[in-house]
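For reference, final.cif (mmCIF, N, CA and C atoms):
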```cif
data_model
#
loop_
_atom_site.label_atom_id
_atom_site.label_comp_id
_atom_site.auth_asym_id
_atom_site.auth_seq_id
_atom_site.Cartn_x
_atom_site.Cartn_y
_atom_site.Cartn_z
N MET I 1348 -43.00 -18.56 0.94
CA MET I 1348 -42.93 -18.99 2.32
C MET I 1348 -44.13 -19.91 2.59
N ALA I 1349 -43.89 -21.19 2.57
CA ALA I 1349 -44.94 -22.17 2.80
C ALA I 1349 -45.16 -22.39 4.29
N ASN I 1350 -46.40 -22.38 4.70
CA ASN I 1350 -46.76 -22.62 6.10
C ASN I 1350 -46.05 -21.66 7.06
N GLY I 1351 -45.71 -20.48 6.61
CA GLY I 1351 -45.05 -19.50 7.46
C GLY I 1351 -43.57 -19.77 7.70
N GLN I 1352 -43.02 -20.79 7.05
CA GLN I 1352 -41.61 -21.12 7.24
C GLN I 1352 -40.82 -20.70 6.01
N LEU I 1353 -39.69 -20.10 6.24
CA LEU I 1353 -38.86 -19.61 5.16
C LEU I 1353 -37.88 -20.70 4.70
N ASN I 1354 -37.79 -20.90 3.41
CA ASN I 1354 -36.84 -21.84 2.83
C ASN I 1354 -35.45 -21.21 2.90
N GLY I 1355 -34.49 -21.92 3.50
CA GLY I 1355 -33.14 -21.39 3.64
C GLY I 1355 -32.48 -21.03 2.32
N THR I 1356 -32.93 -21.62 1.22
CA THR I 1356 -32.38 -21.30 -0.10
C THR I 1356 -32.62 -19.84 -0.45
N ASP I 1357 -33.67 -19.24 0.11
CA ASP I 1357 -34.00 -17.85 -0.19
C ASP I 1357 -33.07 -16.85 0.51
N LEU I 1358 -32.35 -17.29 1.53
CA LEU I 1358 -31.42 -16.41 2.24
C LEU I 1358 -30.07 -16.45 1.55
N LYS I 1359 -29.58 -15.28 1.17
CA LYS I 1359 -28.33 -15.21 0.41
C LYS I 1359 -27.41 -14.16 1.00
N VAL I 1360 -26.14 -14.22 0.60
CA VAL I 1360 -25.13 -13.26 1.04
C VAL I 1360 -24.63 -12.48 -0.17
N TYR I 1361 -24.62 -11.16 -0.04
CA TYR I 1361 -24.12 -10.27 -1.08
C TYR I 1361 -23.00 -9.42 -0.50
N ALA I 1362 -21.87 -9.37 -1.19
CA ALA I 1362 -20.75 -8.50 -0.80
C ALA I 1362 -20.67 -7.38 -1.81
N ALA I 1363 -20.79 -6.16 -1.34
CA ALA I 1363 -20.78 -4.98 -2.20
C ALA I 1363 -21.82 -5.11 -3.32
N GLY I 1364 -22.97 -5.71 -3.00
CA GLY I 1364 -24.06 -5.82 -3.95
C GLY I 1364 -23.99 -7.00 -4.89
N THR I 1365 -22.92 -7.82 -4.81
CA THR I 1365 -22.76 -8.96 -5.70
C THR I 1365 -22.94 -10.26 -4.92
N LEU I 1366 -23.74 -11.16 -5.45
CA LEU I 1366 -24.02 -12.43 -4.80
C LEU I 1366 -22.76 -13.27 -4.64
N VAL I 1367 -22.57 -13.87 -3.47
CA VAL I 1367 -21.50 -14.85 -3.29
C VAL I 1367 -21.93 -16.09 -4.08
N ALA I 1368 -21.17 -16.44 -5.10
CA ALA I 1368 -21.54 -17.48 -6.06
C ALA I 1368 -21.56 -18.87 -5.44
N TYR I 1369 -22.53 -19.68 -5.85
CA TYR I 1369 -22.65 -21.09 -5.48
C TYR I 1369 -22.64 -21.34 -3.97
N SER I 1370 -23.22 -20.44 -3.23
CA SER I 1370 -23.30 -20.60 -1.78
C SER I 1370 -24.17 -21.81 -1.43
N THR I 1371 -23.74 -22.57 -0.44
CA THR I 1371 -24.50 -23.73 0.01
C THR I 1371 -25.01 -23.57 1.43
N ASN I 1372 -24.46 -22.63 2.16
CA ASN I 1372 -24.83 -22.43 3.56
C ASN I 1372 -24.38 -21.04 3.98
N CYS I 1373 -25.18 -20.38 4.79
CA CYS I 1373 -24.77 -19.09 5.32
C CYS I 1373 -25.40 -18.89 6.69
N SER I 1374 -24.72 -18.11 7.53
CA SER I 1374 -25.27 -17.84 8.85
C SER I 1374 -24.81 -16.46 9.31
N ILE I 1375 -25.63 -15.87 10.17
CA ILE I 1375 -25.32 -14.58 10.77
C ILE I 1375 -25.48 -14.73 12.28
N ASN I 1376 -24.56 -14.16 13.02
CA ASN I 1376 -24.61 -14.16 14.48
C ASN I 1376 -24.67 -12.72 14.95
N ILE I 1377 -25.65 -12.42 15.78
CA ILE I 1377 -25.81 -11.08 16.34
C ILE I 1377 -25.68 -11.23 17.85
N ASN I 1378 -24.72 -10.53 18.43
CA ASN I 1378 -24.39 -10.72 19.85
C ASN I 1378 -24.56 -9.44 20.65
N HIS I 1379 -24.87 -9.61 21.92
CA HIS I 1379 -24.96 -8.50 22.86
C HIS I 1379 -24.20 -8.91 24.11
N SER I 1380 -23.01 -8.35 24.28
CA SER I 1380 -22.17 -8.65 25.44
C SER I 1380 -22.64 -7.80 26.62
N LEU I 1381 -22.88 -8.45 27.73
CA LEU I 1381 -23.32 -7.72 28.91
C LEU I 1381 -22.11 -7.28 29.73
N ARG I 1382 -22.30 -6.23 30.51
CA ARG I 1382 -21.24 -5.79 31.42
C ARG I 1382 -21.71 -6.06 32.84
N SER I 1383 -20.81 -6.56 33.63
CA SER I 1383 -21.14 -6.93 35.00
C SER I 1383 -21.33 -5.69 35.87
N THR I 1384 -22.37 -5.73 36.66
CA THR I 1384 -22.60 -4.67 37.67
C THR I 1384 -22.71 -5.30 39.05
N SER I 1385 -22.20 -6.53 39.18
CA SER I 1385 -22.25 -7.24 40.46
C SER I 1385 -21.40 -6.53 41.50
N SER I 1386 -21.87 -6.60 42.72
CA SER I 1386 -21.14 -6.01 43.85
C SER I 1386 -21.36 -6.89 45.08
N LYS I 1387 -20.78 -6.48 46.15
CA LYS I 1387 -20.96 -7.22 47.40
C LYS I 1387 -22.42 -7.21 47.86
N GLU I 1388 -23.16 -6.24 47.38
CA GLU I 1388 -24.58 -6.14 47.73
C GLU I 1388 -25.47 -7.01 46.83
N SER I 1389 -24.90 -7.74 45.89
CA SER I 1389 -25.68 -8.55 44.95
C SER I 1389 -26.15 -9.87 45.56
N GLY I 1390 -25.76 -10.16 46.78
CA GLY I 1390 -26.21 -11.36 47.46
C GLY I 1390 -25.75 -12.64 46.78
N GLY I 1391 -24.62 -12.61 46.12
CA GLY I 1391 -24.10 -13.80 45.46
C GLY I 1391 -24.69 -14.04 44.08
N TRP I 1392 -25.53 -13.12 43.61
CA TRP I 1392 -26.12 -13.24 42.28
C TRP I 1392 -25.44 -12.27 41.33
N GLU I 1393 -25.18 -12.75 40.13
CA GLU I 1393 -24.58 -11.88 39.12
C GLU I 1393 -25.62 -10.88 38.63
N GLU I 1394 -25.21 -9.64 38.51
CA GLU I 1394 -26.06 -8.58 37.97
C GLU I 1394 -25.38 -8.02 36.72
N ASN I 1395 -26.18 -7.67 35.72
CA ASN I 1395 -25.64 -7.19 34.44
C ASN I 1395 -26.45 -6.02 33.92
N MET I 1396 -25.83 -5.29 33.02
CA MET I 1396 -26.48 -4.23 32.26
C MET I 1396 -26.05 -4.38 30.80
N GLU I 1397 -26.63 -3.55 29.95
CA GLU I 1397 -26.30 -3.61 28.53
C GLU I 1397 -24.82 -3.33 28.31
N GLY I 1398 -24.33 -3.83 27.17
CA GLY I 1398 -22.94 -3.63 26.81
C GLY I 1398 -22.80 -3.48 25.30
N MET I 1399 -21.67 -3.89 24.80
CA MET I 1399 -21.38 -3.76 23.38
C MET I 1399 -22.15 -4.81 22.58
N ARG I 1400 -22.49 -4.44 21.34
CA ARG I 1400 -23.12 -5.36 20.40
C ARG I 1400 -22.15 -5.59 19.26
N ASN I 1401 -22.21 -6.78 18.67
CA ASN I 1401 -21.38 -7.07 17.50
C ASN I 1401 -22.07 -8.14 16.66
N TRP I 1402 -21.54 -8.33 15.48
CA TRP I 1402 -22.13 -9.32 14.57
C TRP I 1402 -21.06 -9.87 13.65
N ASP I 1403 -21.32 -11.08 13.19
CA ASP I 1403 -20.43 -11.69 12.21
C ASP I 1403 -21.26 -12.58 11.29
N LEU I 1404 -20.68 -12.92 10.18
CA LEU I 1404 -21.38 -13.65 9.15
C LEU I 1404 -20.44 -14.67 8.55
N SER I 1405 -20.96 -15.83 8.16
CA SER I 1405 -20.13 -16.82 7.49
C SER I 1405 -20.91 -17.42 6.32
N CYS I 1406 -20.16 -17.95 5.38
CA CYS I 1406 -20.77 -18.51 4.18
C CYS I 1406 -19.88 -19.64 3.66
N ASP I 1407 -20.52 -20.73 3.25
CA ASP I 1407 -19.83 -21.84 2.59
C ASP I 1407 -20.30 -21.86 1.15
N ALA I 1408 -19.40 -22.19 0.23
CA ALA I 1408 -19.76 -22.18 -1.19
C ALA I 1408 -18.94 -23.21 -1.95
N LEU I 1409 -19.45 -23.58 -3.11
CA LEU I 1409 -18.72 -24.47 -4.00
C LEU I 1409 -17.57 -23.70 -4.62
N TYR I 1410 -16.41 -24.34 -4.73
CA TYR I 1410 -15.24 -23.68 -5.30
C TYR I 1410 -15.27 -23.85 -6.81
N ALA I 1411 -15.49 -22.78 -7.52
CA ALA I 1411 -15.55 -22.80 -8.99
C ALA I 1411 -15.23 -21.41 -9.50
N TRP I 1412 -14.81 -21.33 -10.75
CA TRP I 1412 -14.59 -20.02 -11.37
C TRP I 1412 -15.27 -19.95 -12.73
N LEU I 1413 -15.77 -21.11 -13.21
CA LEU I 1413 -16.54 -21.15 -14.45
C LEU I 1413 -17.85 -21.87 -14.19
N ASP I 1414 -18.90 -21.50 -14.93
CA ASP I 1414 -20.17 -22.22 -14.80
C ASP I 1414 -20.13 -23.50 -15.64
N ALA I 1415 -21.22 -24.24 -15.66
CA ALA I 1415 -21.26 -25.53 -16.37
C ALA I 1415 -21.01 -25.40 -17.88
N ASP I 1416 -21.26 -24.20 -18.44
CA ASP I 1416 -21.04 -23.97 -19.86
C ASP I 1416 -19.65 -23.42 -20.17
N GLY I 1417 -18.80 -23.29 -19.15
CA GLY I 1417 -17.46 -22.78 -19.35
C GLY I 1417 -17.35 -21.27 -19.34
N ASN I 1418 -18.41 -20.59 -18.93
CA ASN I 1418 -18.41 -19.13 -18.86
C ASN I 1418 -18.05 -18.67 -17.45
N PRO I 1419 -17.45 -17.48 -17.35
CA PRO I 1419 -17.14 -16.95 -16.01
C PRO I 1419 -18.42 -16.85 -15.17
N ILE I 1420 -18.26 -17.15 -13.89
CA ILE I 1420 -19.38 -17.11 -12.96
C ILE I 1420 -19.81 -15.66 -12.74
N SER I 1421 -21.13 -15.45 -12.73
CA SER I 1421 -21.63 -14.12 -12.37
C SER I 1421 -21.92 -14.15 -10.88
N GLY I 1422 -21.00 -13.67 -10.11
CA GLY I 1422 -21.07 -13.70 -8.65
C GLY I 1422 -19.67 -13.75 -8.12
N LEU I 1423 -19.52 -13.53 -6.82
CA LEU I 1423 -18.20 -13.52 -6.21
C LEU I 1423 -17.69 -14.93 -5.98
N THR I 1424 -16.45 -15.18 -6.35
CA THR I 1424 -15.79 -16.45 -6.12
C THR I 1424 -14.74 -16.25 -5.03
N LEU I 1425 -14.13 -17.33 -4.59
CA LEU I 1425 -13.07 -17.24 -3.59
C LEU I 1425 -11.96 -16.31 -4.09
N SER I 1426 -11.59 -16.45 -5.35
CA SER I 1426 -10.51 -15.63 -5.91
C SER I 1426 -10.86 -14.14 -5.85
N GLU I 1427 -12.10 -13.81 -6.18
CA GLU I 1427 -12.51 -12.40 -6.15
C GLU I 1427 -12.60 -11.87 -4.72
N LEU I 1428 -13.09 -12.70 -3.80
CA LEU I 1428 -13.13 -12.28 -2.39
C LEU I 1428 -11.73 -11.99 -1.88
N PHE I 1429 -10.78 -12.87 -2.23
CA PHE I 1429 -9.39 -12.64 -1.83
C PHE I 1429 -8.84 -11.35 -2.45
N THR I 1430 -8.96 -11.24 -3.78
CA THR I 1430 -8.39 -10.09 -4.49
C THR I 1430 -9.03 -8.78 -4.07
N ASN I 1431 -10.35 -8.76 -3.95
CA ASN I 1431 -11.06 -7.51 -3.67
C ASN I 1431 -11.00 -7.07 -2.21
N TYR I 1432 -10.91 -8.04 -1.27
CA TYR I 1432 -11.08 -7.65 0.14
C TYR I 1432 -9.96 -8.08 1.08
N ILE I 1433 -9.29 -9.17 0.83
CA ILE I 1433 -8.16 -9.55 1.68
C ILE I 1433 -6.89 -8.86 1.19
N HIS I 1434 -6.58 -9.02 -0.07
CA HIS I 1434 -5.36 -8.44 -0.64
C HIS I 1434 -5.35 -6.92 -0.49
N THR I 1435 -6.48 -6.27 -0.71
CA THR I 1435 -6.55 -4.81 -0.64
C THR I 1435 -6.86 -4.28 0.75
N ARG I 1436 -7.14 -5.19 1.70
CA ARG I 1436 -7.50 -4.81 3.07
C ARG I 1436 -8.70 -3.86 3.08
N ALA I 1437 -9.69 -4.16 2.26
CA ALA I 1437 -10.85 -3.29 2.13
C ALA I 1437 -12.07 -3.85 2.86
N SER I 1438 -12.83 -2.96 3.46
CA SER I 1438 -14.14 -3.34 4.01
C SER I 1438 -15.17 -3.16 2.91
N PHE I 1439 -16.38 -3.62 3.13
CA PHE I 1439 -17.42 -3.56 2.11
C PHE I 1439 -18.78 -3.67 2.77
N GLU I 1440 -19.82 -3.30 2.04
CA GLU I 1440 -21.18 -3.48 2.54
C GLU I 1440 -21.60 -4.91 2.26
N VAL I 1441 -22.09 -5.59 3.28
CA VAL I 1441 -22.57 -6.96 3.14
C VAL I 1441 -24.06 -6.98 3.45
N THR I 1442 -24.79 -7.80 2.68
CA THR I 1442 -26.22 -7.99 2.90
C THR I 1442 -26.48 -9.47 3.09
N PHE I 1443 -27.26 -9.79 4.12
CA PHE I 1443 -27.64 -11.16 4.42
C PHE I 1443 -29.15 -11.22 4.49
N GLY I 1444 -29.75 -12.16 3.74
CA GLY I 1444 -31.19 -12.33 3.85
C GLY I 1444 -31.87 -12.40 2.51
N VAL I 1445 -33.16 -12.09 2.55
CA VAL I 1445 -34.00 -12.11 1.36
C VAL I 1445 -34.04 -10.69 0.81
N THR I 1446 -33.68 -10.53 -0.46
CA THR I 1446 -33.58 -9.18 -1.02
C THR I 1446 -34.76 -8.80 -1.89
N THR I 1447 -35.85 -9.57 -1.80
CA THR I 1447 -37.05 -9.22 -2.54
C THR I 1447 -37.84 -8.19 -1.75
N SER I 1448 -38.93 -7.71 -2.31
CA SER I 1448 -39.75 -6.73 -1.61
C SER I 1448 -41.09 -7.32 -1.19
N VAL I 1449 -41.13 -8.65 -1.03
CA VAL I 1449 -42.34 -9.31 -0.56
C VAL I 1449 -42.54 -8.97 0.92
N THR I 1450 -43.77 -8.68 1.31
CA THR I 1450 -44.07 -8.29 2.69
C THR I 1450 -43.46 -9.28 3.68
N GLU I 1451 -42.81 -8.73 4.70
CA GLU I 1451 -42.16 -9.45 5.80
C GLU I 1451 -40.80 -10.04 5.44
N ASP I 1452 -40.37 -9.99 4.18
CA ASP I 1452 -39.03 -10.45 3.86
C ASP I 1452 -38.03 -9.56 4.59
N THR I 1453 -37.01 -10.17 5.17
CA THR I 1453 -36.08 -9.46 6.03
C THR I 1453 -34.66 -9.59 5.50
N LYS I 1454 -33.91 -8.50 5.59
CA LYS I 1454 -32.49 -8.54 5.25
C LYS I 1454 -31.73 -7.70 6.28
N TYR I 1455 -30.45 -8.04 6.42
CA TYR I 1455 -29.55 -7.34 7.33
C TYR I 1455 -28.40 -6.79 6.51
N THR I 1456 -28.03 -5.54 6.76
CA THR I 1456 -26.98 -4.88 5.99
C THR I 1456 -26.03 -4.16 6.94
N GLY I 1457 -24.74 -4.23 6.64
CA GLY I 1457 -23.74 -3.52 7.43
C GLY I 1457 -22.40 -3.57 6.73
N THR I 1458 -21.43 -2.90 7.32
CA THR I 1458 -20.06 -2.90 6.81
C THR I 1458 -19.29 -4.03 7.47
N ALA I 1459 -18.53 -4.77 6.67
CA ALA I 1459 -17.79 -5.92 7.21
C ALA I 1459 -16.39 -6.00 6.63
N TRP I 1460 -15.59 -6.77 7.31
CA TRP I 1460 -14.24 -7.13 6.88
C TRP I 1460 -14.18 -8.65 6.75
N ILE I 1461 -13.51 -9.17 5.75
CA ILE I 1461 -13.28 -10.61 5.69
C ILE I 1461 -12.16 -10.93 6.67
N THR I 1462 -12.43 -11.86 7.56
CA THR I 1462 -11.44 -12.26 8.56
C THR I 1462 -10.84 -13.62 8.26
N SER I 1463 -11.48 -14.38 7.37
CA SER I 1463 -10.96 -15.71 7.07
C SER I 1463 -11.52 -16.23 5.75
N LEU I 1464 -10.66 -16.84 4.96
CA LEU I 1464 -11.04 -17.60 3.76
C LEU I 1464 -10.36 -18.95 3.87
N SER I 1465 -11.09 -20.03 3.67
CA SER I 1465 -10.46 -21.35 3.70
C SER I 1465 -11.01 -22.20 2.57
N LEU I 1466 -10.13 -22.98 1.96
CA LEU I 1466 -10.47 -23.83 0.82
C LEU I 1466 -10.30 -25.29 1.23
N THR I 1467 -11.29 -26.12 0.91
CA THR I 1467 -11.23 -27.55 1.21
C THR I 1467 -11.28 -28.31 -0.11
N ALA I 1468 -10.34 -29.23 -0.30
CA ALA I 1468 -10.26 -30.00 -1.54
C ALA I 1468 -10.17 -31.49 -1.22
N PRO I 1469 -11.30 -32.15 -0.96
CA PRO I 1469 -11.28 -33.57 -0.61
C PRO I 1469 -11.04 -34.46 -1.83
N LEU I 1470 -10.58 -35.65 -1.59
CA LEU I 1470 -10.33 -36.63 -2.65
C LEU I 1470 -11.64 -37.05 -3.30
N GLU I 1471 -11.73 -36.92 -4.63
CA GLU I 1471 -12.90 -37.35 -5.40
C GLU I 1471 -14.21 -36.77 -4.87
N ASP I 1472 -14.19 -35.52 -4.46
CA ASP I 1472 -15.40 -34.88 -3.97
C ASP I 1472 -15.35 -33.40 -4.37
N THR I 1473 -16.43 -32.71 -4.17
CA THR I 1473 -16.54 -31.31 -4.56
C THR I 1473 -15.70 -30.42 -3.65
N SER I 1474 -14.90 -29.56 -4.26
CA SER I 1474 -14.13 -28.58 -3.48
C SER I 1474 -15.05 -27.46 -3.04
N THR I 1475 -14.84 -27.02 -1.82
CA THR I 1475 -15.65 -25.94 -1.26
C THR I 1475 -14.74 -24.92 -0.57
N TYR I 1476 -15.30 -23.78 -0.28
CA TYR I 1476 -14.57 -22.80 0.52
C TYR I 1476 -15.51 -22.17 1.52
N SER I 1477 -14.91 -21.59 2.54
CA SER I 1477 -15.66 -20.89 3.58
C SER I 1477 -15.10 -19.48 3.70
N VAL I 1478 -15.98 -18.54 3.97
CA VAL I 1478 -15.57 -17.17 4.21
C VAL I 1478 -16.22 -16.70 5.50
N SER I 1479 -15.43 -16.03 6.34
CA SER I 1479 -15.94 -15.45 7.58
C SER I 1479 -15.76 -13.94 7.51
N MET I 1480 -16.78 -13.23 7.97
CA MET I 1480 -16.77 -11.76 7.95
C MET I 1480 -17.15 -11.25 9.33
N THR I 1481 -16.51 -10.17 9.74
CA THR I 1481 -16.83 -9.54 11.01
C THR I 1481 -17.34 -8.13 10.74
N GLY I 1482 -18.47 -7.82 11.36
CA GLY I 1482 -19.08 -6.52 11.17
C GLY I 1482 -18.31 -5.41 11.85
N SER I 1483 -18.40 -4.22 11.27
CA SER I 1483 -17.80 -3.02 11.85
C SER I 1483 -18.90 -1.96 11.91
N GLY I 1484 -19.37 -1.68 13.10
CA GLY I 1484 -20.44 -0.70 13.25
C GLY I 1484 -21.80 -1.38 13.28
N ALA I 1485 -22.81 -0.54 13.10
CA ALA I 1485 -24.19 -1.00 13.24
C ALA I 1485 -24.63 -1.95 12.13
N LEU I 1486 -25.53 -2.85 12.50
CA LEU I 1486 -26.18 -3.76 11.56
C LEU I 1486 -27.62 -3.28 11.40
N LEU I 1487 -28.02 -3.03 10.17
CA LEU I 1487 -29.36 -2.50 9.88
C LEU I 1487 -30.28 -3.63 9.45
N GLN I 1488 -31.43 -3.73 10.11
CA GLN I 1488 -32.45 -4.71 9.73
C GLN I 1488 -33.52 -4.00 8.92
N THR I 1489 -33.86 -4.57 7.75
CA THR I 1489 -34.92 -4.01 6.91
C THR I 1489 -35.96 -5.09 6.68
N ILE I 1490 -37.22 -4.76 6.99
CA ILE I 1490 -38.34 -5.68 6.79
C ILE I 1490 -39.25 -5.07 5.74
N ALA I 1491 -39.44 -5.79 4.65
CA ALA I 1491 -40.28 -5.28 3.55
C ALA I 1491 -41.73 -5.17 4.02
N SER I 1492 -42.38 -4.09 3.58
CA SER I 1492 -43.80 -3.91 3.96
C SER I 1492 -44.67 -3.77 2.74
#
```
As structure tokens, please, write out the structure in this file.
Amino acid sequence: MANGQLNGTDLKVYAAGTLVAYSTNCSININHSLRSTSSKESGGWEENMEGMRNWDLSCDALYAWLDADGNPISGLTLSELFTNYIHTRASFEVTFGVTTSVTEDTKYTGTAWITSLSLTAPLEDTSTYSVSMTGSGALLQTIAS
């Protein structure tokens, strides 16, 4: 971590403990929906209290099933994500973040479902895919100390 800033390359996505292979981008959204408590006594101002929390995660990756040497990729590919989690309708533990034990490294872990897989195959360009996951239940934050 140079100058206190984290390099995005260090943040990774793991499904059931296996790295999503050739990831190029990933993001996590953590939301807190408020519930309205406005009434006629609110003087025209909206009033709110705590409500439900939810989270989702997305990842973009290069579409491949073999590495540069022709060997199977060690990591999850689009085909494996489909076979293991869409076809079987299975949830899994997902981890987002830095998985080292360096002080202050942070990761988020929870149970998720894949809600979307999409493949893009442009003319004379690298094929990529995107995966979207929606959390089910609590999201645990772990900060290494």
- request: Could you pull out the residues in stretch 1411-1474 of chain I that DSSP calls strand (DSSP E or B) from the backbone, as a VMD selection string?
  value: chain I and resid 1413 1419 1423 1439 to 1444 1453 to 1467
Give me, as a PDB file with N, CA and C atoms, in the frame of the given file, all polymer residues having an atom no more than 8 Å from stretch 1358-1367 of chain I, counting only N, CA and C atoms and skipping those fewer than 4 positions away in the same chain.
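Output saved as around.pdb:
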```
ATOM      1  N   LEU I1353     -39.690 -20.100   6.240  1.00  0.00           N
ATOM      2  CA  LEU I1353     -38.860 -19.610   5.160  1.00  0.00           C
ATOM      3  C   LEU I1353     -37.880 -20.700   4.700  1.00  0.00           C
ATOM      4  N   ASN I1354     -37.790 -20.900   3.410  1.00  0.00           N
ATOM      5  CA  ASN I1354     -36.840 -21.840   2.830  1.00  0.00           C
ATOM      6  C   ASN I1354     -35.450 -21.210   2.900  1.00  0.00           C
ATOM      7  N   THR I1371     -23.740 -22.570  -0.440  1.00  0.00           N
ATOM      8  CA  THR I1371     -24.500 -23.730   0.010  1.00  0.00           C
ATOM      9  C   THR I1371     -25.010 -23.570   1.430  1.00  0.00           C
ATOM     10  N   ASN I1372     -24.460 -22.630   2.160  1.00  0.00           N
ATOM     11  CA  ASN I1372     -24.830 -22.430   3.560  1.00  0.00           C
ATOM     12  C   ASN I1372     -24.380 -21.040   3.980  1.00  0.00           C
ATOM     13  N   CYS I1373     -25.180 -20.380   4.790  1.00  0.00           N
ATOM     14  CA  CYS I1373     -24.770 -19.090   5.320  1.00  0.00           C
ATOM     15  C   CYS I1373     -25.400 -18.890   6.690  1.00  0.00           C
ATOM     16  N   SER I1405     -20.960 -15.830   8.160  1.00  0.00           N
ATOM     17  CA  SER I1405     -20.130 -16.820   7.490  1.00  0.00           C
ATOM     18  C   SER I1405     -20.910 -17.420   6.320  1.00  0.00           C
ATOM     19  N   CYS I1406     -20.160 -17.950   5.380  1.00  0.00           N
ATOM     20  CA  CYS I1406     -20.770 -18.510   4.180  1.00  0.00           C
ATOM     21  C   CYS I1406     -19.880 -19.640   3.660  1.00  0.00           C
ATOM     22  N   ASP I1407     -20.520 -20.730   3.250  1.00  0.00           N
ATOM     23  CA  ASP I1407     -19.830 -21.840   2.590  1.00  0.00           C
ATOM     24  C   ASP I1407     -20.300 -21.860   1.150  1.00  0.00           C
ATOM     25  N   ALA I1408     -19.400 -22.190   0.230  1.00  0.00           N
ATOM     26  CA  ALA I1408     -19.760 -22.180  -1.190  1.00  0.00           C
ATOM     27  C   ALA I1408     -18.940 -23.210  -1.950  1.00  0.00           C
ATOM     28  N   LEU I1409     -19.450 -23.580  -3.110  1.00  0.00           N
ATOM     29  CA  LEU I1409     -18.720 -24.470  -4.000  1.00  0.00           C
ATOM     30  C   LEU I1409     -17.570 -23.700  -4.620  1.00  0.00           C
ATOM     31  N   SER I1421     -21.130 -15.450 -12.730  1.00  0.00           N
ATOM     32  CA  SER I1421     -21.630 -14.120 -12.370  1.00  0.00           C
ATOM     33  C   SER I1421     -21.920 -14.150 -10.880  1.00  0.00           C
ATOM     34  N   GLY I1422     -21.000 -13.670 -10.110  1.00  0.00           N
ATOM     35  CA  GLY I1422     -21.070 -13.700  -8.650  1.00  0.00           C
ATOM     36  C   GLY I1422     -19.670 -13.750  -8.120  1.00  0.00           C
ATOM     37  N   LEU I1423     -19.520 -13.530  -6.820  1.00  0.00           N
ATOM     38  CA  LEU I1423     -18.200 -13.520  -6.210  1.00  0.00           C
ATOM     39  C   LEU I1423     -17.690 -14.930  -5.980  1.00  0.00           C
ATOM     40  N   THR I1424     -16.450 -15.180  -6.350  1.00  0.00           N
ATOM     41  CA  THR I1424     -15.790 -16.450  -6.120  1.00  0.00           C
ATOM     42  C   THR I1424     -14.740 -16.250  -5.030  1.00  0.00           C
ATOM     43  N   LEU I1425     -14.130 -17.330  -4.590  1.00  0.00           N
ATOM     44  CA  LEU I1425     -13.070 -17.240  -3.590  1.00  0.00           C
ATOM     45  C   LEU I1425     -11.960 -16.310  -4.090  1.00  0.00           C
ATOM     46  N   SER I1438     -12.830  -2.960   3.460  1.00  0.00           N
ATOM     47  CA  SER I1438     -14.140  -3.340   4.010  1.00  0.00           C
ATOM     48  C   SER I1438     -15.170  -3.160   2.910  1.00  0.00           C
ATOM     49  N   PHE I1439     -16.380  -3.620   3.130  1.00  0.00           N
ATOM     50  CA  PHE I1439     -17.420  -3.560   2.110  1.00  0.00           C
ATOM     51  C   PHE I1439     -18.780  -3.670   2.770  1.00  0.00           C
ATOM     52  N   GLU I1440     -19.820  -3.300   2.040  1.00  0.00           N
ATOM     53  CA  GLU I1440     -21.180  -3.480   2.540  1.00  0.00           C
ATOM     54  C   GLU I1440     -21.600  -4.910   2.260  1.00  0.00           C
ATOM     55  N   VAL I1441     -22.090  -5.590   3.280  1.00  0.00           N
ATOM     56  CA  VAL I1441     -22.570  -6.960   3.140  1.00  0.00           C
ATOM     57  C   VAL I1441     -24.060  -6.980   3.450  1.00  0.00           C
ATOM     58  N   THR I1442     -24.790  -7.800   2.680  1.00  0.00           N
ATOM     59  CA  THR I1442     -26.220  -7.990   2.900  1.00  0.00           C
ATOM     60  C   THR I1442     -26.480  -9.470   3.090  1.00  0.00           C
ATOM     61  N   PHE I1443     -27.260  -9.790   4.120  1.00  0.00           N
ATOM     62  CA  PHE I1443     -27.640 -11.160   4.420  1.00  0.00           C
ATOM     63  C   PHE I1443     -29.150 -11.220   4.490  1.00  0.00           C
ATOM     64  N   GLY I1444     -29.750 -12.160   3.740  1.00  0.00           N
ATOM     65  CA  GLY I1444     -31.190 -12.330   3.850  1.00  0.00           C
ATOM     66  C   GLY I1444     -31.870 -12.400   2.510  1.00  0.00           C
ATOM     67  N   VAL I1445     -33.160 -12.090   2.550  1.00  0.00           N
ATOM     68  CA  VAL I1445     -34.000 -12.110   1.360  1.00  0.00           C
ATOM     69  C   VAL I1445     -34.040 -10.690   0.810  1.00  0.00           C
ATOM     70  N   THR I1446     -33.680 -10.530  -0.460  1.00  0.00           N
ATOM     71  CA  THR I1446     -33.580  -9.180  -1.020  1.00  0.00           C
ATOM     72  C   THR I1446     -34.760  -8.800  -1.890  1.00  0.00           C
TER      73      THR I1446
END
```
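With only N, CA and C atoms as the atoms that count, the residue of I:Lys1454, I:Arg1436, I:Ala1411, I:Ile1490 with the shortest distance to I:Ser1474 is I:Ala1411.
Evaluated on this file, the PyMOL selection byres ((chain I and resi 1383) around 5) matches Leu1381, Arg1382, Thr1384, Ser1385, Glu1394 and Asn1395 of chain I.
For the structure shown here, the set of residues caught by the PyMOL selection byres ((chain I and resi 1485) around 6) is Thr1456, Gly1457, Thr1458, Ser1483, Gly1484, Leu1486 and Leu1487 of chain I.
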Determine the axis-aligned bounding box of all atoms of stretch 1460-1464 of chain I present in the file, pad each side by 4 Å, and express its centre and edge lengths in Å to one decimal place as JSON.
```
{"center_x": -13.0, "center_y": -12.9, "center_z": 6.2, "size_x": 13.2, "size_y": 20.2, "size_z": 12.8}
```
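Between atom C of I:Leu1466 and atom C of I:Ile1433 there is a distance of 16.8 Å.
The space separating atom C of I:Trp1402 from atom C of I:Leu1464 comes to 17.1 Å.
Going from atom C of I:Leu1413 to atom CA of I:Glu1427 covers 13.5 Å.
Restricting the calculation to all atoms listed in the file, the smallest distance between I:Thr1481 and any of I:Val1449, I:Ala1368, I:Met1396, I:Leu1404 is found for I:Leu1404.
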field: Nearby residues (only N, CA and C atoms) at most 8 Å from I:Asp1403, same-chain spacing under 2 positions excluded, as a ChimeraX atom specification
entry: /I:1374-1378,1401,1405,1479-1483
